[in-house]
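Colleague: Take this structure first; my questions come after.
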Amino acid sequence: MKLSIPVFAAAVVSCADAFTVPSAGLSRAGASAVAINQLSHRRIVGTTLQMSQEEMDLITEDCDERMDKTMSNLAENLSTIRTGRANPNMLDRVEADYYGAMTPINQMATISVPSSQQLQISPFDKSSLTDIEKAIIYAGLGFTPTNDGNVIRINIPQLTEERRKDLLKQCKQIGEEAKVAIRNIRRDGVDSIKKMEKAGDLGKDQALDGIDTIQKMTDGHVKSVDETVGKKEAEVTTL
């Protein structure tokens with residue numbers, strides 16, 4: 001069968017449309033897929049940044065907790081420095097040999113204060129009396145314990161001017177050790193945040209905010225160290 005030219009041309013156009021319409025449909029579908037992928041990517045990036053922020057918050061919280069622990073240790077260490085008045089905490093850092101293990105004597109005995117100038121140590125195990133006595137002598141506290149076979153007594157002498165100076169030096173040293181510990185904690189926290197930034201887990205502004213937070217924590221705790229040491233120094237110098 002022969003087709004006239006107009007009919008043939010219409011057939012060709014119709015065939016062309018048959019092929020171009022599906023192509024346009026595929027193009028629209030492709031565009032939708034791209035949009036979905038972009039949206040998914042934005043959601044993933046947003047979730048990742050949120051998780052990274054949470055991880056950084058954990059780093060700063062950990063730094064704060066460790067600095068607080070350092071402050072607790074500082075107070076405990078300063079409490080062992082005597083001020084001319086009897087205090088059981090004076091013996092907190094003294095350890096004695098107990099069946100081959102070095103043990104704090106406050107875990108081996110009851111320590112009481114019969115008077116403002118005397119300590120009394122009553123061991124749970126009387127066989128440890130001699131070891132506790134030796135531990136006190138060699139602790140470098142300047143005490144001369146007396147052992148009557150049942151308890152150990154320590155008379156707290158009045159502080160001499162020279163001894164006060166020595167104790168003030170101890171206060172400063174303990175304070176400096178606390179500051180070093182706090183600054184080491186700051187360094188650890190800052191290093192962790194910088195590693196996250198380098199890995200692309202944190203933006204620059206986020207990292208700077210985290211580092212600034214840790215620095216403020218550091219400044220606050222260092223100030224507290226100075227105040228705590230200052231109070232102890234005042235106690236030592238008070239006659």
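FYI, nothing fancy with the structure tokens labels: chains A, B, ... in order, residues from 1 per chain, ligands from 1 as they appear.
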Give the alpha helix (DSSP H) residues of segment 36-185 of chain A, as DSSP finds them on the backbone, and put them as number ranges by chain.

Modeller: A: 36-79, 129-137, 161-185

Colleague: How many Å lie between atom CA of Ile132 of chain A and atom CA of Gln117 of chain A, rounded to one decimal?

Modeller: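 Here the two named atoms are 19.7 Å from each other.
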
Colleague: Would you list the contacts of Gln215 of chain A as a list in words, taking every protein, DNA or RNA residue within 8 Å and counting only C-alpha atoms, but skipping same-chain residues closer than 4 positions in sequence?

Modeller: Arg186, Ile211 and Asp219 of chain A

Colleague: Distance table requested - segment 54-86 of chain A against segment 138-150 of chain A, cut-off 10 Å, only C-alpha atoms: one row per qualifying residue with the closest atom pair and its distance in Å to one decimal, ordered by chain and rising residue number, as JSON lines.

Modeller:
```
{"residue": "A:Thr80", "atom": "CA", "partner": "A:Leu141", "partner_atom": "CA", "distance": 9.2}
{"residue": "A:Ile81", "atom": "CA", "partner": "A:Leu141", "partner_atom": "CA", "distance": 8.3}
{"residue": "A:Arg82", "atom": "CA", "partner": "A:Leu141", "partner_atom": "CA", "distance": 8.4}
```

Colleague: Go ahead and save the residues from that selection, with N, CA and C atoms, as a PDB file, in the first residue's frame.

Modeller:
```pdb
ATOM      1  N   THR A  80      46.443  17.259 104.567  1.00  0.00           N
ATOM      2  CA  THR A  80      47.475  16.515 105.295  1.00  0.00           C
ATOM      3  C   THR A  80      48.543  17.441 105.873  1.00  0.00           C
ATOM      4  N   ILE A  81      48.529  18.696 105.484  1.00  0.00           N
ATOM      5  CA  ILE A  81      49.517  19.646 106.002  1.00  0.00           C
ATOM      6  C   ILE A  81      49.010  20.206 107.326  1.00  0.00           C
ATOM      7  N   ARG A  82      49.779  19.991 108.377  1.00  0.00           N
ATOM      8  CA  ARG A  82      49.311  20.391 109.701  1.00  0.00           C
ATOM      9  C   ARG A  82      49.443  21.896 109.912  1.00  0.00           C
TER      10      ARG A  82
END
```

Colleague: Rank nothing, just name the residue among A:Asp131, A:Val222, A:Val236, A:Asp125 nearest to Ala101 of chain A, using only C-alpha atoms.

Modeller: A:Asp131

Colleague: A:Lys198, A:Arg93, A:Lys223, A:Lys232: which is nearest Gln170 of chain A, counting only C-alpha atoms?

Modeller: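 For Gln170 of chain A, the nearest of the given residues is A:Lys232.
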
Colleague: Between A:Gln107, A:Met71, A:Pro123, A:Ile154, which residue has the minimum interatomic distance to Ala86 of chain A, considering only C-alpha atoms?

Modeller: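 Among the listed residues, the smallest separation from Ala86 of chain A belongs to A:Ile154.
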
Colleague: Using only C-alpha atoms, which residues sit within 10 Å of Arg164 of chain A once same-chain residues fewer than 3 positions away are excluded, as number ranges by chain?

Modeller: A: 82-84, 158-161, 167-170, 233, 236-239

Colleague: Rank nothing, just name the residue among A:Ala199, A:Glu95, A:Gly189, A:Ser224 nearest to Glu61 of chain A, using only C-alpha atoms.

Modeller: A:Gly189

Colleague: Could you tell me how far atom CA of Pro88 of chain A lies from atom CA of Leu119 of chain A, in Å and to one decimal?

Modeller: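 Between atom CA of Pro88 of chain A and atom CA of Leu119 of chain A the gap works out to 7.0 Å.
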
Colleague: Could you work out how far atom CA of Gly220 of chain A lies from atom CA of Arg183 of chain A, giving the answer in Å with one decimal?

Modeller: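 Result for atom CA of Arg183 of chain A versus atom CA of Gly220 of chain A: 11.6 Å, one decimal.
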
Colleague: Would you mind telling me which residue in A:Gln173, A:Arg85, A:Thr213, A:Ser128 lies nearest to Thr103 of chain A when using only C-alpha atoms?

Modeller: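 Among A:Gln173, A:Arg85, A:Thr213, A:Ser128, it is A:Ser128 that comes nearest to Thr103 of chain A.
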
Colleague: With distances taken over only C-alpha atoms, which of A:Asp62, A:Lys126, A:Ile182, A:Gln118 is nearest to Pro157 of chain A?

Modeller: A:Gln118

Colleague: As a list in words, please: the residues near Ile174 of chain A (cut-off 8 Å, only C-alpha atoms, same-chain neighbours under 4 positions excluded).

Modeller: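 Selected residues are Leu74, Asn77, Leu78, Gln170 and Ala178 of chain A.
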
Colleague: Name the residues in contact with Gln120 of chain A at a cut-off of 7 Å, using only C-alpha atoms, excluding same-chain residues fewer than 3 positions from it; report them as a ChimeraX atom specification.

Modeller: /A:111-114,151-154

Colleague: With all heavy atoms retained, could you export that selection as a PDB file, in the first residue's frame?

Modeller:
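File written: out-v5.pdb
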```pdb
ATOM      1  N   ILE A 111      41.532   6.770 114.079  1.00  0.00           N
ATOM      2  CA  ILE A 111      42.342   7.936 114.442  1.00  0.00           C
ATOM      3  C   ILE A 111      41.419   8.968 115.079  1.00  0.00           C
ATOM      4  O   ILE A 111      40.477   9.453 114.452  1.00  0.00           O
ATOM      5  CB  ILE A 111      43.039   8.532 113.209  1.00  0.00           C
ATOM      6  CG1 ILE A 111      43.900   7.469 112.519  1.00  0.00           C
ATOM      7  CG2 ILE A 111      43.893   9.734 113.609  1.00  0.00           C
ATOM      8  CD1 ILE A 111      44.518   7.923 111.207  1.00  0.00           C
ATOM      9  N   SER A 112      41.708   9.281 116.326  1.00  0.00           N
ATOM     10  CA  SER A 112      40.860  10.220 117.068  1.00  0.00           C
ATOM     11  C   SER A 112      41.675  11.414 117.552  1.00  0.00           C
ATOM     12  O   SER A 112      42.903  11.430 117.459  1.00  0.00           O
ATOM     13  CB  SER A 112      40.204   9.509 118.262  1.00  0.00           C
ATOM     14  OG  SER A 112      41.197   8.954 119.128  1.00  0.00           O
ATOM     15  N   VAL A 113      40.964  12.419 118.092  1.00  0.00           N
ATOM     16  CA  VAL A 113      41.604  13.654 118.558  1.00  0.00           C
ATOM     17  C   VAL A 113      41.200  13.881 120.019  1.00  0.00           C
ATOM     18  O   VAL A 113      40.193  14.550 120.299  1.00  0.00           O
ATOM     19  CB  VAL A 113      41.192  14.859 117.693  1.00  0.00           C
ATOM     20  CG1 VAL A 113      41.954  16.114 118.121  1.00  0.00           C
ATOM     21  CG2 VAL A 113      41.421  14.576 116.223  1.00  0.00           C
ATOM     22  N   PRO A 114      41.966  13.335 120.968  1.00  0.00           N
ATOM     23  CA  PRO A 114      41.649  13.520 122.385  1.00  0.00           C
ATOM     24  C   PRO A 114      41.719  14.974 122.830  1.00  0.00           C
ATOM     25  O   PRO A 114      40.987  15.387 123.730  1.00  0.00           O
ATOM     26  CB  PRO A 114      42.712  12.683 123.104  1.00  0.00           C
ATOM     27  CG  PRO A 114      43.221  11.728 122.071  1.00  0.00           C
ATOM     28  CD  PRO A 114      43.128  12.459 120.771  1.00  0.00           C
ATOM     29  N   VAL A 151      47.881   1.619 121.957  1.00  0.00           N
ATOM     30  CA  VAL A 151      47.593   2.722 121.035  1.00  0.00           C
ATOM     31  C   VAL A 151      48.869   3.515 120.793  1.00  0.00           C
ATOM     32  O   VAL A 151      49.855   3.404 121.529  1.00  0.00           O
ATOM     33  CB  VAL A 151      46.496   3.666 121.588  1.00  0.00           C
ATOM     34  CG1 VAL A 151      45.192   2.917 121.792  1.00  0.00           C
ATOM     35  CG2 VAL A 151      46.960   4.320 122.878  1.00  0.00           C
ATOM     36  N   ILE A 152      48.810   4.343 119.744  1.00  0.00           N
ATOM     37  CA  ILE A 152      49.910   5.251 119.430  1.00  0.00           C
ATOM     38  C   ILE A 152      49.397   6.666 119.639  1.00  0.00           C
ATOM     39  O   ILE A 152      48.304   7.019 119.173  1.00  0.00           O
ATOM     40  CB  ILE A 152      50.388   5.069 117.977  1.00  0.00           C
ATOM     41  CG1 ILE A 152      50.974   3.670 117.777  1.00  0.00           C
ATOM     42  CG2 ILE A 152      51.423   6.135 117.605  1.00  0.00           C
ATOM     43  CD1 ILE A 152      51.283   3.339 116.330  1.00  0.00           C
ATOM     44  N   ARG A 153      50.185   7.472 120.340  1.00  0.00           N
ATOM     45  CA  ARG A 153      49.805   8.858 120.565  1.00  0.00           C
ATOM     46  C   ARG A 153      50.823   9.778 119.902  1.00  0.00           C
ATOM     47  O   ARG A 153      52.019   9.502 119.907  1.00  0.00           O
ATOM     48  CB  ARG A 153      49.704   9.166 122.062  1.00  0.00           C
ATOM     49  CG  ARG A 153      48.557   8.453 122.764  1.00  0.00           C
ATOM     50  CD  ARG A 153      48.446   8.849 124.222  1.00  0.00           C
ATOM     51  NE  ARG A 153      47.297   8.212 124.862  1.00  0.00           N
ATOM     52  CZ  ARG A 153      47.334   6.988 125.398  1.00  0.00           C
ATOM     53  NH1 ARG A 153      48.467   6.279 125.363  1.00  0.00           N
ATOM     54  NH2 ARG A 153      46.255   6.482 125.956  1.00  0.00           N
ATOM     55  N   ILE A 154      50.308  10.856 119.359  1.00  0.00           N
ATOM     56  CA  ILE A 154      51.177  11.849 118.726  1.00  0.00           C
ATOM     57  C   ILE A 154      50.845  13.207 119.316  1.00  0.00           C
ATOM     58  O   ILE A 154      49.709  13.686 119.203  1.00  0.00           O
ATOM     59  CB  ILE A 154      50.961  11.903 117.197  1.00  0.00           C
ATOM     60  CG1 ILE A 154      51.232  10.543 116.554  1.00  0.00           C
ATOM     61  CG2 ILE A 154      51.848  12.981 116.572  1.00  0.00           C
ATOM     62  CD1 ILE A 154      50.913  10.492 115.075  1.00  0.00           C
TER      63      ILE A 154
END
```
